[in-house]
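The structure file structure02.txt is reproduced below (compact mmCIF, C-alpha atoms).
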# COMPACT_ATOMS: atom_id res chain seq x y z
CA MET A 9 86.59 100.62 56.38
CA VAL A 10 83.01 99.55 55.79
CA ASP A 11 80.13 98.02 57.76
CA LEU A 12 77.24 96.76 55.65
CA HIS A 13 74.99 95.44 58.43
CA VAL A 14 73.78 98.06 60.90
CA HIS A 15 70.55 98.51 62.88
CA THR A 16 68.91 101.61 64.35
CA THR A 17 65.99 102.55 66.59
CA CYS A 18 63.73 102.06 63.57
CA SER A 19 63.92 98.33 64.34
CA ASP A 20 65.71 96.81 67.34
CA GLY A 21 68.81 98.99 67.56
CA THR A 22 69.31 101.62 70.25
CA ASP A 23 70.86 104.46 68.22
CA LYS A 24 68.90 106.80 65.97
CA PRO A 25 69.76 106.61 62.24
CA GLU A 26 71.62 109.93 62.25
CA ASP A 27 73.51 108.94 65.42
CA VAL A 28 74.62 105.67 63.82
CA VAL A 29 76.03 107.62 60.87
CA ARG A 30 77.82 110.03 63.20
CA LEU A 31 79.30 107.09 65.11
CA ALA A 32 80.45 105.54 61.83
CA TYR A 33 82.17 108.83 60.98
CA LEU A 34 83.90 108.93 64.37
CA LYS A 35 85.06 105.32 63.87
CA GLY A 36 86.61 106.21 60.52
CA LEU A 37 84.15 104.28 58.35
CA SER A 38 83.66 105.46 54.78
CA LEU A 39 80.65 103.30 53.91
CA ILE A 40 77.81 101.70 55.87
CA SER A 41 74.43 100.19 55.13
CA ILE A 42 71.40 100.66 57.34
CA THR A 43 69.66 97.27 57.36
CA ASP A 44 66.85 97.50 59.87
CA HIS A 45 64.57 94.50 60.33
CA ASP A 46 61.63 94.54 57.92
CA THR A 47 61.50 98.35 57.67
CA VAL A 48 62.97 101.20 55.63
CA ALA A 49 61.79 103.93 58.01
CA GLY A 50 65.26 105.26 58.87
CA LEU A 51 66.88 105.27 55.45
CA ASN A 52 66.21 108.84 54.36
CA ARG A 53 67.38 110.20 57.73
CA ALA A 54 70.56 108.11 57.55
CA MET A 55 71.35 109.14 53.99
CA SER A 56 70.87 112.81 54.86
CA ALA A 57 73.24 112.39 57.80
CA GLY A 58 75.68 110.62 55.50
CA LYS A 59 75.92 113.71 53.31
CA LEU A 60 76.58 115.82 56.41
CA TYR A 61 79.34 113.58 57.78
CA GLY A 62 80.84 112.40 54.49
CA VAL A 63 79.85 108.78 55.04
CA ASP A 64 78.31 106.89 52.12
CA VAL A 65 75.09 105.14 53.17
CA ILE A 66 73.65 102.25 51.17
CA PRO A 67 69.87 102.04 51.65
CA GLY A 68 69.17 98.54 52.91
CA ILE A 69 66.80 96.25 54.78
CA GLU A 70 67.02 92.89 56.57
CA VAL A 71 63.98 90.73 55.92
CA THR A 72 62.90 87.70 57.94
CA ALA A 73 62.07 84.68 55.76
CA ASP A 74 60.00 81.59 56.51
CA THR A 75 62.03 78.77 58.11
CA SER A 76 59.52 75.91 57.88
CA THR A 77 61.90 73.79 55.75
CA LEU A 78 64.95 74.43 57.99
CA PRO A 79 66.09 73.08 61.39
CA GLU A 80 63.91 74.24 64.30
CA SER A 81 66.42 76.73 65.71
CA ALA A 82 67.31 78.24 62.33
CA GLU A 83 67.05 81.90 61.39
CA PHE A 84 66.73 82.82 57.71
CA HIS A 85 67.36 86.49 57.02
CA ILE A 86 67.77 88.20 53.67
CA LEU A 87 69.56 91.52 53.25
CA GLY A 88 68.37 93.84 50.51
CA TYR A 89 70.89 96.45 49.34
CA PHE A 90 70.21 99.58 47.26
CA VAL A 91 66.46 99.34 47.77
CA ASN A 92 64.27 102.33 46.95
CA PRO A 93 62.40 102.98 50.22
CA SER A 94 59.52 104.58 48.33
CA ALA A 95 59.01 101.70 45.87
CA PRO A 96 55.54 100.10 46.02
CA SER A 97 57.09 96.67 46.64
CA MET A 98 58.98 97.98 49.69
CA LEU A 99 55.83 99.59 51.06
CA GLU A 100 54.01 96.27 50.56
CA LEU A 101 56.77 94.33 52.33
CA VAL A 102 57.01 96.76 55.24
CA ASP A 103 53.24 96.79 55.72
CA PHE A 104 53.09 92.99 55.85
CA PHE A 105 55.81 92.73 58.48
CA SER A 106 54.52 95.66 60.51
CA LYS A 107 51.17 93.90 60.92
CA SER A 108 52.84 90.53 61.53
CA ARG A 109 55.15 91.92 64.22
CA GLU A 110 52.32 93.79 65.95
CA GLU A 111 50.23 90.59 66.08
CA ARG A 112 53.15 88.67 67.60
CA ASN A 113 54.02 91.42 70.08
CA ARG A 114 50.47 91.75 71.37
CA ILE A 115 50.24 88.01 71.98
CA LEU A 116 53.63 87.97 73.76
CA ILE A 117 52.68 90.87 76.01
CA GLU A 118 49.32 89.26 76.79
CA ARG A 119 51.09 86.05 77.82
CA LEU A 120 53.47 88.00 80.06
CA GLU A 121 50.58 89.88 81.66
CA GLU A 122 48.67 86.61 82.21
CA GLU A 123 51.65 85.35 84.22
CA GLY A 124 51.54 88.46 86.39
CA PHE A 125 54.51 90.37 84.97
CA ASP A 126 54.39 94.18 85.15
CA ILE A 127 54.57 95.01 81.45
CA ASN A 128 52.07 96.27 78.88
CA TYR A 129 51.91 96.94 75.15
CA ASP A 130 51.36 100.70 75.40
CA GLU A 131 54.56 101.30 77.38
CA LEU A 132 56.61 99.34 74.84
CA GLU A 133 55.10 101.29 71.95
CA LYS A 134 55.69 104.59 73.76
CA LEU A 135 59.33 103.73 74.44
CA PHE A 136 60.30 102.16 71.12
CA GLY A 137 57.62 103.01 68.56
CA LYS A 138 55.14 100.78 66.76
CA ASN A 139 57.81 98.60 65.14
CA PHE A 140 59.46 97.35 68.33
CA GLY A 141 60.88 93.83 68.45
CA LYS A 142 61.79 91.11 70.92
CA PRO A 143 65.08 92.78 71.99
CA ASN A 144 63.05 95.83 73.07
CA ILE A 145 60.73 93.64 75.16
CA VAL A 146 63.82 92.02 76.65
CA THR A 147 65.26 95.44 77.53
CA VAL A 148 62.14 96.35 79.51
CA LEU A 149 62.03 92.97 81.27
CA VAL A 150 65.63 93.45 82.44
CA LYS A 151 65.25 97.13 83.39
CA LYS A 152 62.21 96.30 85.52
CA HIS A 153 64.15 93.45 87.16
CA ILE A 154 61.50 90.98 86.04
CA VAL A 155 64.41 88.80 84.94
CA SER A 156 68.08 88.98 85.85
CA SER A 157 69.62 89.00 82.39
CA ARG A 158 68.89 89.39 78.70
CA GLU A 159 69.53 85.67 78.25
CA SER A 160 66.85 84.86 80.83
CA ALA A 161 64.44 87.26 79.15
CA PHE A 162 64.90 85.68 75.73
CA ALA A 163 64.42 82.23 77.29
CA LEU A 164 61.19 83.43 78.89
CA LEU A 165 59.82 84.72 75.59
CA LYS A 166 60.88 81.55 73.78
CA ARG A 167 58.87 79.49 76.28
CA PHE A 168 55.64 81.01 74.95
CA LYS A 169 56.35 79.67 71.44
CA VAL A 170 54.71 82.64 69.73
CA LYS A 171 55.68 82.89 66.07
CA ARG A 172 54.85 85.62 63.59
CA ARG A 173 53.81 85.36 59.99
CA LYS A 174 56.72 85.47 57.54
CA LEU A 175 57.13 85.57 53.78
CA ASP A 176 58.59 82.86 51.59
CA HIS A 177 62.14 83.76 50.51
CA ARG A 178 61.17 83.73 46.83
CA GLU A 179 58.59 86.44 47.47
CA ILE A 180 61.20 88.44 49.40
CA PHE A 181 63.68 88.18 46.52
CA LYS A 182 60.96 89.40 44.16
CA LEU A 183 59.97 92.39 46.31
CA ILE A 184 63.60 93.45 46.88
CA LYS A 185 64.36 93.29 43.16
CA GLU A 186 61.20 95.19 42.26
CA ALA A 187 62.51 97.96 44.55
CA GLY A 188 65.80 98.04 42.63
CA GLY A 189 67.64 96.08 45.30
CA ILE A 190 70.07 93.16 45.48
CA PRO A 191 69.08 90.19 47.71
CA VAL A 192 71.90 88.80 49.86
CA LEU A 193 71.84 85.87 52.31
CA ALA A 194 72.52 87.24 55.80
CA HIS A 195 74.78 85.41 58.32
CA PRO A 196 74.55 81.90 56.79
CA CYS A 197 75.67 80.35 60.08
CA THR A 198 72.18 80.92 61.53
CA LEU A 199 70.63 78.55 58.97
CA LYS A 200 72.05 75.70 61.09
CA LEU A 201 73.02 73.71 57.99
CA LYS A 202 76.20 71.65 57.64
CA CYS A 203 78.61 72.44 54.80
CA SER A 204 77.26 70.15 52.08
CA LYS A 205 73.62 70.95 52.85
CA LEU A 206 74.40 74.67 53.01
CA TYR A 207 76.05 74.56 49.60
CA ASP A 208 73.06 72.81 48.05
CA PHE A 209 70.70 75.23 49.79
CA VAL A 210 72.56 78.25 48.40
CA VAL A 211 72.60 76.69 44.92
CA GLY A 212 68.82 76.54 45.14
CA LEU A 213 68.60 80.12 46.40
CA LYS A 214 70.69 81.38 43.49
CA LYS A 215 68.35 79.69 41.02
CA GLU A 216 65.49 81.52 42.76
CA GLY A 217 67.12 84.96 42.64
CA LEU A 218 69.80 85.24 45.36
CA GLU A 219 72.70 87.48 44.31
CA GLY A 220 75.07 87.52 47.28
CA ILE A 221 76.23 86.09 50.62
CA GLU A 222 77.20 87.93 53.79
CA VAL A 223 80.55 86.21 54.30
CA ILE A 224 81.94 88.38 57.13
CA HIS A 225 79.80 88.75 60.26
CA SER A 226 80.40 89.02 64.00
CA ASP A 227 79.11 85.44 64.49
CA HIS A 228 81.35 83.94 61.80
CA THR A 229 84.55 82.09 62.68
CA PRO A 230 87.59 82.38 60.38
CA SER A 231 86.86 78.92 58.95
CA MET A 232 83.24 79.90 58.26
CA ILE A 233 84.39 83.02 56.41
CA VAL A 234 86.70 80.94 54.21
CA ASN A 235 83.89 78.46 53.50
CA PHE A 236 81.31 81.14 52.69
CA LYS A 237 83.76 82.95 50.40
CA GLU A 238 84.45 79.70 48.55
CA ILE A 239 80.72 79.08 48.07
CA ALA A 240 80.22 82.63 46.80
CA LYS A 241 83.15 82.38 44.40
CA ASP A 242 82.06 79.00 43.09
CA LEU A 243 78.50 80.21 42.47
CA GLY A 244 79.39 83.68 41.19
CA LEU A 245 77.72 85.54 44.06
CA TYR A 246 78.56 88.93 45.56
CA THR A 247 80.23 88.92 48.98
CA THR A 248 79.30 91.39 51.71
CA GLY A 249 80.11 91.83 55.39
CA GLY A 250 79.00 93.67 58.47
CA SER A 251 78.98 93.70 62.25
CA ASP A 252 75.20 93.43 62.84
CA TYR A 253 75.47 96.43 65.15
CA HIS A 254 72.45 96.99 67.44
CA GLY A 255 73.83 99.41 70.05
CA TYR A 256 73.46 98.30 73.66
CA ASN A 257 70.95 95.59 72.66
CA LYS A 258 74.07 93.66 71.57
CA PRO A 259 76.75 95.22 73.78
CA ASP A 260 79.57 92.98 72.54
CA ILE A 261 79.16 94.19 68.96
CA ASP A 262 80.49 97.61 67.95
CA ILE A 263 80.04 99.30 64.60
CA GLY A 264 83.13 98.79 62.47
CA MET A 265 84.61 96.28 64.94
CA LEU A 266 85.41 93.76 62.19
CA LYS A 267 87.58 96.32 60.36
CA ILE A 268 86.26 95.22 56.98
CA LYS A 269 87.87 96.77 53.93
CA MET A 270 86.12 96.81 50.58
CA LYS A 271 89.00 94.82 49.09
CA ASP A 272 87.93 91.97 51.40
CA LEU A 273 84.65 91.79 49.47
CA ASN A 274 83.62 91.83 45.81
CA PHE A 275 80.76 94.25 46.44
CA GLY A 276 82.74 97.41 45.72
CA VAL A 277 81.76 97.71 42.07
CA LEU A 278 78.13 98.02 43.13
CA ALA A 279 78.88 100.49 45.91
CA GLY A 280 80.91 102.69 43.58
CA VAL A 281 84.13 102.32 45.58

Translate the structure described by the file into structure tokens.
Amino acid sequence: MVDLHVHTTCSDGTDKPEDVVRLAYLKGLSLISITDHDTVAGLNRAMSAGKLYGVDVIPGIEVTADTSTLPESAEFHILGYFVNPSAPSMLELVDFFSKSREERNRILIERLEEEGFDINYDELEKLFGKNFGKPNIVTVLVKKHIVSSRESAFALLKRFKVKRRKLDHREIFKLIKEAGGIPVLAHPCTLKLKCSKLYDFVVGLKKEGLEGIEVIHSDHTPSMIVNFKEIAKDLGLYTTGGSDYHGYNKPDIDIGMLKIKMKDLNFGVLAGV
């Protein structure tokens, strides 16, 4: 079994890279990809652990793209597989998003402090590192009983309407490819586009450099999976799949829970399996 969408403590997951690989081994997975948000910090550690546990690890990343042309609630994420974490283009991408995320986080924390909530930037950075994200802020808000649930915490943060700088998807495709990687559209359902508009959107993305679609994902219904596979087949795109595991930040999602086999995808030739 495989899981090609996994997060660690290097972004907003709760398991260290080596612990994620060990968990994959215990779950009987033969191949995973570490796809932390906008960072490649955990890849070398994960790949070293993969050699120890006999689990193949594809070096990956999940990059947040600009959504200005999409519906208001849309999320536009691009997975990059087989990226070289030391490539200049990856270092450029990571540096941009590190600064962007820090700017956003500082503003969010300031807003929370202004409203009298007991939370500060230094404690978040000490707990989760410089590259912490919204789910980490949510974790602290819940643990301190500032809010009653993760849902309430996310709603609170959303109220502040603080957005961070993002890159255009064409620039992301370019940077991923310059690092030797393959750009793949992550969880298409979050684009909030209906079938015909989604198809046209993906047609445009392919012309601009997209090479694959994540067809299997924990948020995808069976009918969505069929639709996404048909789009990929029609456009000659690779198909990938993964759980989007985050540890206890997404407690309903477990690594390997979708029981994906490489025969369910057409990505195997690239992964060497």

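Counting all atoms listed in the file, Gly68 in chain A has the following residues at most 10 Å away, ignoring those fewer than 4 positions along the same chain: Leu12, His13, Val14, Ile40, Ser41, Ile42, Thr43, Asp44, His45, Asp46, Thr47, Val48, Gly50, Leu51, Leu87, Gly88, Tyr89, Phe90, Val91, Asn92, Pro93, Ile184, Gly189, Ile190 and Pro191 of chain A.
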
Contact table range 97-192 of chain A vs range 242-259 of chain A, cut-off 8 Å, shortest pair per residue, all atoms listed in the file, as a Markdown table:
| residue | atom | partner | partner_atom | distance |
| --- | --- | --- | --- | --- |
| A:Pro143 | CA | A:Asn257 | CA | 6.5 |
| A:Asn144 | CA | A:Asn257 | CA | 7.9 |
| A:Thr147 | CA | A:Asn257 | CA | 7.5 |
| A:Val192 | CA | A:Tyr246 | CA | 7.9 |

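The nearest approach to Lys215 in chain A among the residues A:Phe181, A:Phe140, A:Phe275, A:Phe125, with only C-alpha atoms taken into account, belongs to A:Phe181.
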
Next item on the list: Counting all atoms listed in the file, select every polymer residue within 12 Å of (59.1, 89.6, 47.0) as defined in the file's coordinates, and provide the selection as a ChimeraX atom specification.
Entry: /A:71-73,86,88,96-102,104,174-191,216-218

Check: Pick from A:Met270, A:Leu116, A:Leu78, A:Ile224: nearest to Arg167 in chain A, with all atoms listed in the file counted?
Finding: A:Leu116

Note to self: With 12 Å as the threshold, what does the neighbourhood of (60.8, 84.7, 66.0) contain in terms of residues, counting only C-alpha atoms? Coordinates are those of the file; answer as an MDAnalysis selection string.
What the structure shows: chainID A and resid 45 72:75 80:85 108:109 112:113 116 141:143 162 165:174

Restrict the selected residues to C-alpha atoms and save them as a PDB file, in the frame of the given file.
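Result saved to part-v3.pdb:
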ATOM      1  CA  HIS A  45      64.570  94.500  60.330  1.00  0.00           C
ATOM      2  CA  THR A  72      62.900  87.700  57.940  1.00  0.00           C
ATOM      3  CA  ALA A  73      62.070  84.680  55.760  1.00  0.00           C
ATOM      4  CA  ASP A  74      60.000  81.590  56.510  1.00  0.00           C
ATOM      5  CA  THR A  75      62.030  78.770  58.110  1.00  0.00           C
ATOM      6  CA  GLU A  80      63.910  74.240  64.300  1.00  0.00           C
ATOM      7  CA  SER A  81      66.420  76.730  65.710  1.00  0.00           C
ATOM      8  CA  ALA A  82      67.310  78.240  62.330  1.00  0.00           C
ATOM      9  CA  GLU A  83      67.050  81.900  61.390  1.00  0.00           C
ATOM     10  CA  PHE A  84      66.730  82.820  57.710  1.00  0.00           C
ATOM     11  CA  HIS A  85      67.360  86.490  57.020  1.00  0.00           C
ATOM     12  CA  SER A 108      52.840  90.530  61.530  1.00  0.00           C
ATOM     13  CA  ARG A 109      55.150  91.920  64.220  1.00  0.00           C
ATOM     14  CA  ARG A 112      53.150  88.670  67.600  1.00  0.00           C
ATOM     15  CA  ASN A 113      54.020  91.420  70.080  1.00  0.00           C
ATOM     16  CA  LEU A 116      53.630  87.970  73.760  1.00  0.00           C
ATOM     17  CA  GLY A 141      60.880  93.830  68.450  1.00  0.00           C
ATOM     18  CA  LYS A 142      61.790  91.110  70.920  1.00  0.00           C
ATOM     19  CA  PRO A 143      65.080  92.780  71.990  1.00  0.00           C
ATOM     20  CA  PHE A 162      64.900  85.680  75.730  1.00  0.00           C
ATOM     21  CA  LEU A 165      59.820  84.720  75.590  1.00  0.00           C
ATOM     22  CA  LYS A 166      60.880  81.550  73.780  1.00  0.00           C
ATOM     23  CA  ARG A 167      58.870  79.490  76.280  1.00  0.00           C
ATOM     24  CA  PHE A 168      55.640  81.010  74.950  1.00  0.00           C
ATOM     25  CA  LYS A 169      56.350  79.670  71.440  1.00  0.00           C
ATOM     26  CA  VAL A 170      54.710  82.640  69.730  1.00  0.00           C
ATOM     27  CA  LYS A 171      55.680  82.890  66.070  1.00  0.00           C
ATOM     28  CA  ARG A 172      54.850  85.620  63.590  1.00  0.00           C
ATOM     29  CA  ARG A 173      53.810  85.360  59.990  1.00  0.00           C
ATOM     30  CA  LYS A 174      56.720  85.470  57.540  1.00  0.00           C
TER      31      LYS A 174
END

Check: When you draw a straight line from CA of Ile263 in chain A to CA of Leu60 in chain A, how long is it in Å?
Finding: 18.8 Å

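If you measure from each of A:His195, A:Asn128, A:Phe209, A:Tyr61 to Ile115 in chain A using all atoms listed in the file, the closest one turns out to be A:Asn128.
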